[in-house]
$ cat run-v1.pdb   # PDB, C-alpha atoms, pLDDT in the B column
ATOM      1  CA  MET A   1       8.853  17.148  12.480  1.00 90.00           C
ATOM      2  CA  THR A   2       6.785  16.911   9.305  1.00 94.00           C
ATOM      3  CA  PRO A   3       7.441  13.708   7.353  1.00 97.00           C
ATOM      4  CA  VAL A   4       8.250  13.985   3.653  1.00 98.00           C
ATOM      5  CA  ILE A   5       5.824  11.726   1.731  1.00 98.00           C
ATOM      6  CA  SER A   6       5.996  11.246  -2.023  1.00 98.00           C
ATOM      7  CA  ILE A   7       4.346   8.906  -4.483  1.00 98.00           C
ATOM      8  CA  GLN A   8       6.008   9.348  -7.817  1.00 98.00           C
ATOM      9  CA  ARG A   9       6.747   7.715 -11.136  1.00 98.00           C
ATOM     10  CA  GLU A  10      10.281   9.147 -11.353  1.00 98.00           C
ATOM     11  CA  PRO A  11      13.366   7.593  -9.750  1.00 98.00           C
ATOM     12  CA  PHE A  12      14.636   9.164  -6.522  1.00 98.00           C
ATOM     13  CA  ASP A  13      18.132  10.239  -5.477  1.00 98.00           C
ATOM     14  CA  VAL A  14      18.954   8.757  -2.070  1.00 98.00           C
ATOM     15  CA  ALA A  15      21.868  11.129  -1.373  1.00 98.00           C
ATOM     16  CA  ALA A  16      19.775  14.178  -2.263  1.00 98.00           C
ATOM     17  CA  GLU A  17      16.930  12.976  -0.037  1.00 98.00           C
ATOM     18  CA  ILE A  18      19.304  12.480   2.925  1.00 98.00           C
ATOM     19  CA  ALA A  19      20.853  15.913   2.306  1.00 98.00           C
ATOM     20  CA  TYR A  20      17.394  17.491   2.297  1.00 98.00           C
ATOM     21  CA  LEU A  21      16.712  16.108   5.799  1.00 98.00           C
ATOM     22  CA  THR A  22      20.127  16.846   7.311  1.00 98.00           C
ATOM     23  CA  ALA A  23      21.044  20.206   5.715  1.00 97.00           C
ATOM     24  CA  GLY A  24      21.725  22.843   8.358  1.00 97.00           C
ATOM     25  CA  ARG A  25      20.969  20.437  11.225  1.00 97.00           C
ATOM     26  CA  SER A  26      23.317  19.746  14.113  1.00 98.00           C
ATOM     27  CA  ASP A  27      20.934  17.630  16.212  1.00 98.00           C
ATOM     28  CA  ILE A  28      20.810  14.559  13.952  1.00 98.00           C
ATOM     29  CA  GLY A  29      23.257  11.838  14.971  1.00 98.00           C
ATOM     30  CA  ALA A  30      21.796   8.898  13.054  1.00 98.00           C
ATOM     31  CA  VAL A  31      20.391   8.435   9.551  1.00 98.00           C
ATOM     32  CA  VAL A  32      19.004   5.039   8.545  1.00 98.00           C
ATOM     33  CA  THR A  33      17.914   4.458   4.960  1.00 98.00           C
ATOM     34  CA  PHE A  34      16.070   1.502   3.497  1.00 98.00           C
ATOM     35  CA  SER A  35      15.788   1.092  -0.269  1.00 98.00           C
ATOM     36  CA  GLY A  36      13.587  -1.583  -1.799  1.00 98.00           C
ATOM     37  CA  LEU A  37      14.627  -2.640  -5.315  1.00 98.00           C
ATOM     38  CA  CYS A  38      12.968  -4.631  -8.075  1.00 98.00           C
ATOM     39  CA  ARG A  39      14.421  -8.160  -8.417  1.00 96.00           C
ATOM     40  CA  SER A  40      14.533 -10.119 -11.680  1.00 95.00           C
ATOM     41  CA  GLU A  41      13.560 -13.324  -9.796  1.00 94.00           C
ATOM     42  CA  GLU A  42      16.337 -15.333 -11.482  1.00 94.00           C
ATOM     43  CA  ASP A  43      15.952 -13.496 -14.808  1.00 95.00           C
ATOM     44  CA  ARG A  44      12.252 -14.335 -15.052  1.00 94.00           C
ATOM     45  CA  LEU A  45      11.005 -10.735 -14.801  1.00 96.00           C
ATOM     46  CA  ALA A  46      11.401  -7.908 -17.305  1.00 96.00           C
ATOM     47  CA  ALA A  47       9.694  -5.469 -14.945  1.00 97.00           C
ATOM     48  CA  LEU A  48       7.224  -5.005 -12.134  1.00 97.00           C
ATOM     49  CA  GLU A  49       4.215  -2.789 -12.707  1.00 97.00           C
ATOM     50  CA  LEU A  50       3.266  -0.900  -9.560  1.00 98.00           C
ATOM     51  CA  GLU A  51      -0.387   0.094  -9.355  1.00 98.00           C
ATOM     52  CA  HIS A  52      -1.644   2.329  -6.545  1.00 98.00           C
ATOM     53  CA  TYR A  53      -4.813   3.950  -5.274  1.00 98.00           C
ATOM     54  CA  PRO A  54      -4.166   7.678  -5.790  1.00 98.00           C
ATOM     55  CA  GLY A  55      -5.111   9.697  -2.753  1.00 97.00           C
ATOM     56  CA  MET A  56      -5.447   6.714  -0.452  1.00 98.00           C
ATOM     57  CA  ALA A  57      -1.788   5.747  -0.934  1.00 98.00           C
ATOM     58  CA  GLU A  58      -0.642   9.208   0.224  1.00 97.00           C
ATOM     59  CA  GLU A  59      -3.087   9.056   3.152  1.00 97.00           C
ATOM     60  CA  GLU A  60      -1.842   5.661   4.299  1.00 97.00           C
ATOM     61  CA  LEU A  61       1.853   6.525   3.999  1.00 98.00           C
ATOM     62  CA  GLY A  62       1.165   9.719   5.953  1.00 97.00           C
ATOM     63  CA  ARG A  63      -0.734   7.784   8.610  1.00 96.00           C
ATOM     64  CA  VAL A  64       2.038   5.202   9.067  1.00 97.00           C
ATOM     65  CA  ALA A  65       4.696   7.949   9.112  1.00 98.00           C
ATOM     66  CA  ALA A  66       2.713   9.791  11.815  1.00 97.00           C
ATOM     67  CA  MET A  67       2.555   6.578  13.880  1.00 96.00           C
ATOM     68  CA  ALA A  68       6.350   6.262  13.646  1.00 97.00           C
ATOM     69  CA  ALA A  69       6.859   9.921  14.564  1.00 97.00           C
ATOM     70  CA  GLU A  70       4.625   9.472  17.591  1.00 96.00           C
ATOM     71  CA  ARG A  71       6.402   6.333  18.768  1.00 96.00           C
ATOM     72  CA  TRP A  72      10.076   7.269  18.198  1.00 97.00           C
ATOM     73  CA  PRO A  73      11.905  10.590  18.777  1.00 98.00           C
ATOM     74  CA  LEU A  74      12.594  11.244  15.090  1.00 98.00           C
ATOM     75  CA  LYS A  75      14.340  14.348  13.756  1.00 98.00           C
ATOM     76  CA  GLY A  76      13.442  13.680  10.143  1.00 98.00           C
ATOM     77  CA  LEU A  77      11.483  11.142   8.090  1.00 98.00           C
ATOM     78  CA  THR A  78      11.029  10.527   4.370  1.00 98.00           C
ATOM     79  CA  VAL A  79       8.905   7.901   2.647  1.00 98.00           C
ATOM     80  CA  ILE A  80       8.976   7.705  -1.153  1.00 98.00           C
ATOM     81  CA  HIS A  81       7.137   5.014  -3.124  1.00 98.00           C
ATOM     82  CA  ARG A  82       7.307   4.755  -6.883  1.00 98.00           C
ATOM     83  CA  HIS A  83       4.577   3.556  -9.228  1.00 98.00           C
ATOM     84  CA  GLY A  84       4.473   2.576 -12.889  1.00 98.00           C
ATOM     85  CA  LEU A  85       6.816   0.190 -14.677  1.00 97.00           C
ATOM     86  CA  ILE A  86       9.985  -0.563 -12.679  1.00 98.00           C
ATOM     87  CA  LYS A  87      12.802  -2.710 -14.062  1.00 98.00           C
ATOM     88  CA  PRO A  88      15.060  -5.117 -12.127  1.00 98.00           C
ATOM     89  CA  GLY A  89      17.769  -3.190 -10.313  1.00 98.00           C
ATOM     90  CA  GLU A  90      15.675  -0.020 -10.088  1.00 98.00           C
ATOM     91  CA  ASP A  91      14.407   1.444  -6.834  1.00 98.00           C
ATOM     92  CA  ILE A  92      10.788   0.962  -5.723  1.00 98.00           C
ATOM     93  CA  VAL A  93      10.664   2.422  -2.223  1.00 98.00           C
ATOM     94  CA  LEU A  94      12.778   4.586   0.064  1.00 98.00           C
ATOM     95  CA  VAL A  95      12.512   5.160   3.805  1.00 98.00           C
ATOM     96  CA  ILE A  96      14.864   7.552   5.604  1.00 98.00           C
ATOM     97  CA  ALA A  97      14.654   7.959   9.382  1.00 98.00           C
ATOM     98  CA  CYS A  98      16.765  10.496  11.296  1.00 98.00           C
ATOM     99  CA  SER A  99      17.202  10.659  15.046  1.00 98.00           C
ATOM    100  CA  SER A 100      19.733  11.737  17.667  1.00 98.00           C
ATOM    101  CA  HIS A 101      20.772   8.140  18.383  1.00 98.00           C
ATOM    102  CA  ARG A 102      20.726   5.120  16.092  1.00 98.00           C
ATOM    103  CA  ARG A 103      18.218   2.831  17.820  1.00 98.00           C
ATOM    104  CA  ALA A 104      15.192   5.051  17.133  1.00 98.00           C
ATOM    105  CA  ALA A 105      16.143   5.489  13.467  1.00 98.00           C
ATOM    106  CA  PHE A 106      16.704   1.741  12.916  1.00 98.00           C
ATOM    107  CA  GLU A 107      13.445   0.775  14.616  1.00 97.00           C
ATOM    108  CA  ALA A 108      11.357   3.467  12.925  1.00 98.00           C
ATOM    109  CA  ALA A 109      12.616   2.488   9.451  1.00 98.00           C
ATOM    110  CA  ASP A 110      11.942  -1.199  10.174  1.00 97.00           C
ATOM    111  CA  PHE A 111       8.442  -0.420  11.477  1.00 97.00           C
ATOM    112  CA  LEU A 112       7.641   1.814   8.524  1.00 97.00           C
ATOM    113  CA  MET A 113       8.500  -0.859   5.980  1.00 97.00           C
ATOM    114  CA  ASP A 114       6.504  -3.527   7.838  1.00 95.00           C
ATOM    115  CA  PHE A 115       3.396  -1.337   8.057  1.00 95.00           C
ATOM    116  CA  LEU A 116       3.766   0.127   4.592  1.00 96.00           C
ATOM    117  CA  LYS A 117       3.766  -3.340   3.023  1.00 95.00           C
ATOM    118  CA  THR A 118       0.510  -4.371   4.673  1.00 93.00           C
ATOM    119  CA  SER A 119      -1.429  -1.093   4.649  1.00 95.00           C
ATOM    120  CA  ALA A 120      -0.363   1.147   1.763  1.00 98.00           C
ATOM    121  CA  PRO A 121      -2.544   0.459  -1.304  1.00 98.00           C
ATOM    122  CA  PHE A 122       0.057  -0.649  -3.858  1.00 98.00           C
ATOM    123  CA  TRP A 123      -0.022  -3.798  -5.961  1.00 98.00           C
ATOM    124  CA  LYS A 124       2.716  -5.407  -8.058  1.00 98.00           C
ATOM    125  CA  LYS A 125       2.127  -7.127 -11.371  1.00 97.00           C
ATOM    126  CA  GLU A 126       4.858  -9.171 -13.011  1.00 97.00           C
ATOM    127  CA  HIS A 127       5.934  -8.534 -16.601  1.00 96.00           C
ATOM    128  CA  LEU A 128       7.886 -11.507 -17.913  1.00 96.00           C
ATOM    129  CA  VAL A 129      11.019 -11.453 -20.093  1.00 94.00           C
ATOM    130  CA  ASP A 130       9.159 -13.238 -22.925  1.00 91.00           C
ATOM    131  CA  GLY A 131       6.959 -10.137 -23.231  1.00 88.00           C
ATOM    132  CA  SER A 132       3.891 -11.656 -21.649  1.00 88.00           C
ATOM    133  CA  SER A 133       2.029 -10.285 -18.689  1.00 85.00           C
ATOM    134  CA  GLY A 134       2.534 -12.443 -15.626  1.00 84.00           C
ATOM    135  CA  ALA A 135       0.670 -12.820 -12.369  1.00 93.00           C
ATOM    136  CA  TRP A 136      -0.124 -10.320  -9.659  1.00 97.00           C
ATOM    137  CA  VAL A 137       2.317 -10.733  -6.798  1.00 95.00           C
ATOM    138  CA  GLU A 138       0.574 -12.405  -3.858  1.00 94.00           C
ATOM    139  CA  ALA A 139       0.674 -10.916  -0.391  1.00 91.00           C
ATOM    140  CA  LYS A 140       2.867 -12.888   2.010  1.00 90.00           C
ATOM    141  CA  GLU A 141       1.677 -14.104   5.376  1.00 88.00           C
ATOM    142  CA  ALA A 142       5.152 -13.278   6.696  1.00 89.00           C
ATOM    143  CA  ASP A 143       4.499  -9.594   5.968  1.00 90.00           C
ATOM    144  CA  ASP A 144       1.301  -9.650   8.040  1.00 90.00           C
ATOM    145  CA  GLU A 145       3.196 -11.346  10.858  1.00 91.00           C
ATOM    146  CA  ALA A 146       6.011  -8.788  10.661  1.00 90.00           C
ATOM    147  CA  ALA A 147       3.505  -5.937  10.992  1.00 90.00           C
ATOM    148  CA  ALA A 148       1.591  -7.702  13.779  1.00 91.00           C
ATOM    149  CA  ARG A 149       4.692  -8.101  15.933  1.00 91.00           C
ATOM    150  CA  TRP A 150       4.905  -4.308  16.424  1.00 91.00           C
ATOM    151  CA  ILE A 151       1.426  -4.398  17.888  1.00 87.00           C
ATOM    152  CA  ALA A 152       2.096  -7.590  19.882  1.00 87.00           C
ATOM    153  CA  THR A 153       5.155  -6.035  21.528  1.00 85.00           C
ATOM    154  CA  GLY A 154       3.215  -2.866  22.323  1.00 82.00           C
ATOM    155  CA  ALA A 155       5.507  -0.695  20.185  1.00 81.00           C
ATOM    156  CA  VAL A 156       2.450   0.776  18.489  1.00 84.00           C
ATOM    157  CA  LYS A 157      -1.274   0.535  19.073  1.00 79.00           C
ATOM    158  CA  ALA A 158      -3.547  -1.376  16.722  1.00 73.00           C
ATOM    159  CA  ALA A 159      -5.815   0.775  14.550  1.00 63.00           C
ATOM    160  CA  ASP A 160      -9.432   0.613  15.822  1.00 49.00           C
TER
ATOM    161  CA  MET B   1     -21.585   6.305  -4.734  1.00 97.00           C
ATOM    162  CA  LYS B   2     -18.480   5.670  -6.756  1.00 98.00           C
ATOM    163  CA  LEU B   3     -16.946   2.196  -6.733  1.00 98.00           C
ATOM    164  CA  ARG B   4     -13.253   1.805  -7.551  1.00 98.00           C
ATOM    165  CA  TYR B   5     -11.460  -1.430  -8.324  1.00 98.00           C
ATOM    166  CA  PHE B   6      -7.729  -2.154  -8.284  1.00 98.00           C
ATOM    167  CA  ALA B   7      -5.258  -4.831  -9.411  1.00 98.00           C
ATOM    168  CA  TRP B   8      -6.879  -8.204 -10.230  1.00 98.00           C
ATOM    169  CA  VAL B   9     -10.271  -7.068  -8.904  1.00 98.00           C
ATOM    170  CA  ARG B  10     -10.191  -4.344 -11.579  1.00 98.00           C
ATOM    171  CA  GLU B  11      -9.055  -6.812 -14.264  1.00 97.00           C
ATOM    172  CA  ARG B  12     -11.707  -9.402 -13.431  1.00 98.00           C
ATOM    173  CA  ILE B  13     -14.552  -6.873 -13.364  1.00 98.00           C
ATOM    174  CA  GLY B  14     -13.176  -5.113 -16.431  1.00 98.00           C
ATOM    175  CA  LEU B  15     -13.704  -1.652 -14.967  1.00 97.00           C
ATOM    176  CA  ALA B  16     -11.529   0.711 -12.932  1.00 98.00           C
ATOM    177  CA  GLU B  17     -14.538   2.556 -11.538  1.00 98.00           C
ATOM    178  CA  GLU B  18     -18.275   2.972 -11.851  1.00 98.00           C
ATOM    179  CA  GLU B  19     -21.219   4.710 -10.223  1.00 98.00           C
ATOM    180  CA  ALA B  20     -23.547   2.490  -8.224  1.00 97.00           C
ATOM    181  CA  ASP B  21     -26.804   3.001  -6.420  1.00 95.00           C
ATOM    182  CA  PRO B  22     -27.330  -0.056  -4.226  1.00 96.00           C
ATOM    183  CA  PRO B  23     -30.799  -0.680  -2.733  1.00 96.00           C
ATOM    184  CA  ALA B  24     -31.542   0.567   0.790  1.00 95.00           C
ATOM    185  CA  GLU B  25     -31.123  -2.864   2.392  1.00 97.00           C
ATOM    186  CA  ILE B  26     -27.428  -2.907   1.443  1.00 98.00           C
ATOM    187  CA  LEU B  27     -25.912  -1.647   4.698  1.00 98.00           C
ATOM    188  CA  THR B  28     -22.333  -2.906   4.914  1.00 98.00           C
ATOM    189  CA  ILE B  29     -19.288  -3.649   2.773  1.00 98.00           C
ATOM    190  CA  ALA B  30     -20.194  -7.360   3.013  1.00 98.00           C
ATOM    191  CA  ASP B  31     -23.742  -6.601   1.791  1.00 98.00           C
ATOM    192  CA  LEU B  32     -22.312  -4.589  -1.090  1.00 98.00           C
ATOM    193  CA  ILE B  33     -20.011  -7.457  -2.120  1.00 98.00           C
ATOM    194  CA  GLY B  34     -22.994  -9.812  -2.033  1.00 97.00           C
ATOM    195  CA  TRP B  35     -25.066  -7.422  -4.160  1.00 98.00           C
ATOM    196  CA  LEU B  36     -22.254  -6.910  -6.681  1.00 98.00           C
ATOM    197  CA  THR B  37     -21.777 -10.661  -7.160  1.00 97.00           C
ATOM    198  CA  THR B  38     -25.354 -10.859  -8.467  1.00 95.00           C
ATOM    199  CA  ARG B  39     -24.480  -8.478 -11.313  1.00 95.00           C
ATOM    200  CA  GLY B  40     -22.846 -11.052 -13.530  1.00 95.00           C
ATOM    201  CA  GLU B  41     -20.058 -13.541 -13.967  1.00 97.00           C
ATOM    202  CA  ALA B  42     -17.257 -10.956 -13.964  1.00 98.00           C
ATOM    203  CA  TYR B  43     -18.305  -9.671 -10.549  1.00 98.00           C
ATOM    204  CA  ALA B  44     -18.858 -13.176  -9.222  1.00 98.00           C
ATOM    205  CA  HIS B  45     -15.336 -14.095 -10.375  1.00 98.00           C
ATOM    206  CA  ALA B  46     -13.789 -10.983  -8.781  1.00 98.00           C
ATOM    207  CA  PHE B  47     -15.498 -11.606  -5.450  1.00 98.00           C
ATOM    208  CA  GLU B  48     -15.489 -15.442  -5.489  1.00 96.00           C
ATOM    209  CA  ASN B  49     -13.170 -15.483  -2.482  1.00 95.00           C
ATOM    210  CA  ALA B  50     -14.795 -12.568  -0.660  1.00 96.00           C
ATOM    211  CA  ALA B  51     -12.815 -13.008   2.557  1.00 95.00           C
ATOM    212  CA  THR B  52      -9.558 -12.126   0.771  1.00 95.00           C
ATOM    213  CA  ILE B  53     -10.938  -8.886  -0.701  1.00 97.00           C
ATOM    214  CA  ARG B  54      -9.927  -5.670   1.071  1.00 98.00           C
ATOM    215  CA  ALA B  55     -12.142  -2.610   1.038  1.00 98.00           C
ATOM    216  CA  SER B  56     -11.936   1.093   1.691  1.00 98.00           C
ATOM    217  CA  ILE B  57     -14.501   3.772   2.433  1.00 98.00           C
ATOM    218  CA  ASP B  58     -13.540   7.266   1.299  1.00 98.00           C
ATOM    219  CA  LYS B  59      -9.891   6.204   0.960  1.00 97.00           C
ATOM    220  CA  ALA B  60      -9.532   4.660   4.425  1.00 97.00           C
ATOM    221  CA  HIS B  61      -9.339   0.903   5.090  1.00 97.00           C
ATOM    222  CA  ALA B  62     -12.711  -0.561   6.067  1.00 98.00           C
ATOM    223  CA  ARG B  63     -13.714  -3.949   7.454  1.00 97.00           C
ATOM    224  CA  HIS B  64     -16.408  -6.014   5.787  1.00 98.00           C
ATOM    225  CA  ASP B  65     -18.826  -5.196   8.622  1.00 98.00           C
ATOM    226  CA  ALA B  66     -18.338  -1.433   8.173  1.00 98.00           C
ATOM    227  CA  ALA B  67     -21.483   0.573   7.397  1.00 98.00           C
ATOM    228  CA  ILE B  68     -21.506   2.187   3.956  1.00 98.00           C
ATOM    229  CA  ALA B  69     -24.118   4.868   4.754  1.00 95.00           C
ATOM    230  CA  GLY B  70     -22.911   8.244   3.496  1.00 95.00           C
ATOM    231  CA  ALA B  71     -19.886   6.803   1.673  1.00 97.00           C
ATOM    232  CA  ARG B  72     -18.865   8.738  -1.420  1.00 98.00           C
ATOM    233  CA  GLU B  73     -16.251   6.295  -2.689  1.00 98.00           C
ATOM    234  CA  ILE B  74     -15.751   2.612  -1.946  1.00 98.00           C
ATOM    235  CA  GLY B  75     -12.661   0.744  -3.097  1.00 98.00           C
ATOM    236  CA  PHE B  76     -12.197  -3.009  -3.559  1.00 98.00           C
ATOM    237  CA  PHE B  77      -8.767  -4.583  -3.984  1.00 98.00           C
ATOM    238  CA  PRO B  78      -6.590  -7.594  -3.164  1.00 98.00           C
ATOM    239  CA  PRO B  79      -4.221  -7.591  -0.156  1.00 96.00           C
ATOM    240  CA  MET B  80      -1.515  -4.983  -0.689  1.00 97.00           C
ATOM    241  CA  THR B  81       1.879  -5.934  -2.135  1.00 96.00           C
ATOM    242  CA  GLY B  82       3.815  -2.656  -2.134  1.00 96.00           C
ATOM    243  CA  GLY B  83       7.201  -1.933  -0.646  1.00 94.00           C
TER
END
$ encode --input "run-v1.pdb" --output "structure tokens"
Amino acid sequence: MTPVISIQREPFDVAAEIAYLTAGRSDIGAVVTFSGLCRSEEDRLAALELEHYPGMAEEELGRVAAMAAERWPLKGLTVIHRHGLIKPGEDIVLVIACSSHRRAAFEAADFLMDFLKTSAPFWKKEHLVDGSSGAWVEAKEADDEAAARWIATGAVKAAD
Amino acid sequence: MKLRYFAWVRERIGLAEEEADPPAEILTIADLIGWLTTRGEAYAHAFENAATIRASIDKAHARHDAAIAGAREIGFFPPMTGG
């Protein structure tokens, strides 16, 4: 199982990405997708600007995907993260996990999002509706805690 | 070595990347941050809260006590906010 990893400016098509993983397969019984969308934050934001570290972002997504593939019996896995200017309502990130039974797919998708948020080198800057450039989004402690719980429960091993 | 800056670290320093040749006594990421802060107000501002700054060596996450010997590219950036 080789995960599909993509960092791209363009929007993605969720149905097409699922079809790519499941086409011609008869061993997949569960497909879980997670899409992360840009919010307007009560009409305050015109867009989010997603900056990334080219090269390292692909490496990190690949590393986290490999951890998931090692931990859960996955039949297919896709991680797509967009960069550039993304407007409210548009997609930012997509995770698709396929397995024979649902539990592995649910858990792997959940794990991937938790680890992606704290380890993949992406940063969000707010662009406000009045045309001005807002603040950089601050990392949340809750995200660190969400990632740490996978290590605390022994689901995955901590990196070095 | 090449230094690369991202997000508000990049904005505060005013550069996305630069070549640097730190003196031999600069051994770790923490040493490098300390050395960079002596290069002017912009650097001092970027690294004023050094503990919050994340670093990478050759595109892999690195702790502040990591040795920089042999590094080709070192990145400095705030905690990640993707997803």
$ atom_distance --input "run-v1.pdb" --atom1 "atom CA of Pro22 of chain B" --atom2 "atom CA of Met1 of chain B"
8.6 Å
$ resolve_selection --input "run-v1.pdb" --expression "the PyMOL selection byres ((chain B and resi 78) around 6)" --output "PDB file with C-alpha atoms, in the frame of the given file"
ATOM      1  CA  ILE B  53     -10.938  -8.886  -0.701  1.00 97.00           C
ATOM      2  CA  ARG B  54      -9.927  -5.670   1.071  1.00 98.00           C
ATOM      3  CA  PHE B  77      -8.767  -4.583  -3.984  1.00 98.00           C
ATOM      4  CA  PRO B  79      -4.221  -7.591  -0.156  1.00 96.00           C
TER       5      PRO B  79
END
$ closest_residue --input "run-v1.pdb" --among "A:Ser100, A:Thr118, A:Ser6, A:Ser133" --to "Ser26 of chain A" --atoms "only C-alpha atoms"
A:Ser100
$ atom_distance --input "run-v1.pdb" --atom1 "atom CA of Ala16 of chain A" --atom2 "atom CA of Ser35 of chain A"
13.8 Å
$ resolve_selection --input "run-v1.pdb" --expression "the PyMOL selection byres ((chain B) within 6 of (chain A))" --output "ChimeraX atom specification"
/B:59,79-83
$ closest_residue --input "run-v1.pdb" --among "A:Phe34, A:Ala97, A:Ala148, A:Ile5" --to "Gly62 of chain A" --atoms "all atoms listed in the file"
A:Ile5
$ resolve_selection --input "run-v1.pdb" --expression "the PyMOL selection byres ((chain B and resi 12) around 7)" --output "ChimeraX atom specification"
/B:8-11,13-14,42,45-46
$ atom_distance --input "run-v1.pdb" --atom1 "atom CA of Glu19 of chain B" --atom2 "atom CA of Lys2 of chain B"
4.5 Å
$ closest_residue --input "run-v1.pdb" --among "B:Ala7, B:Ala44, B:Ile29, B:Leu15" --to "Ala69 of chain B" --atoms "all atoms listed in the file"
B:Ile29
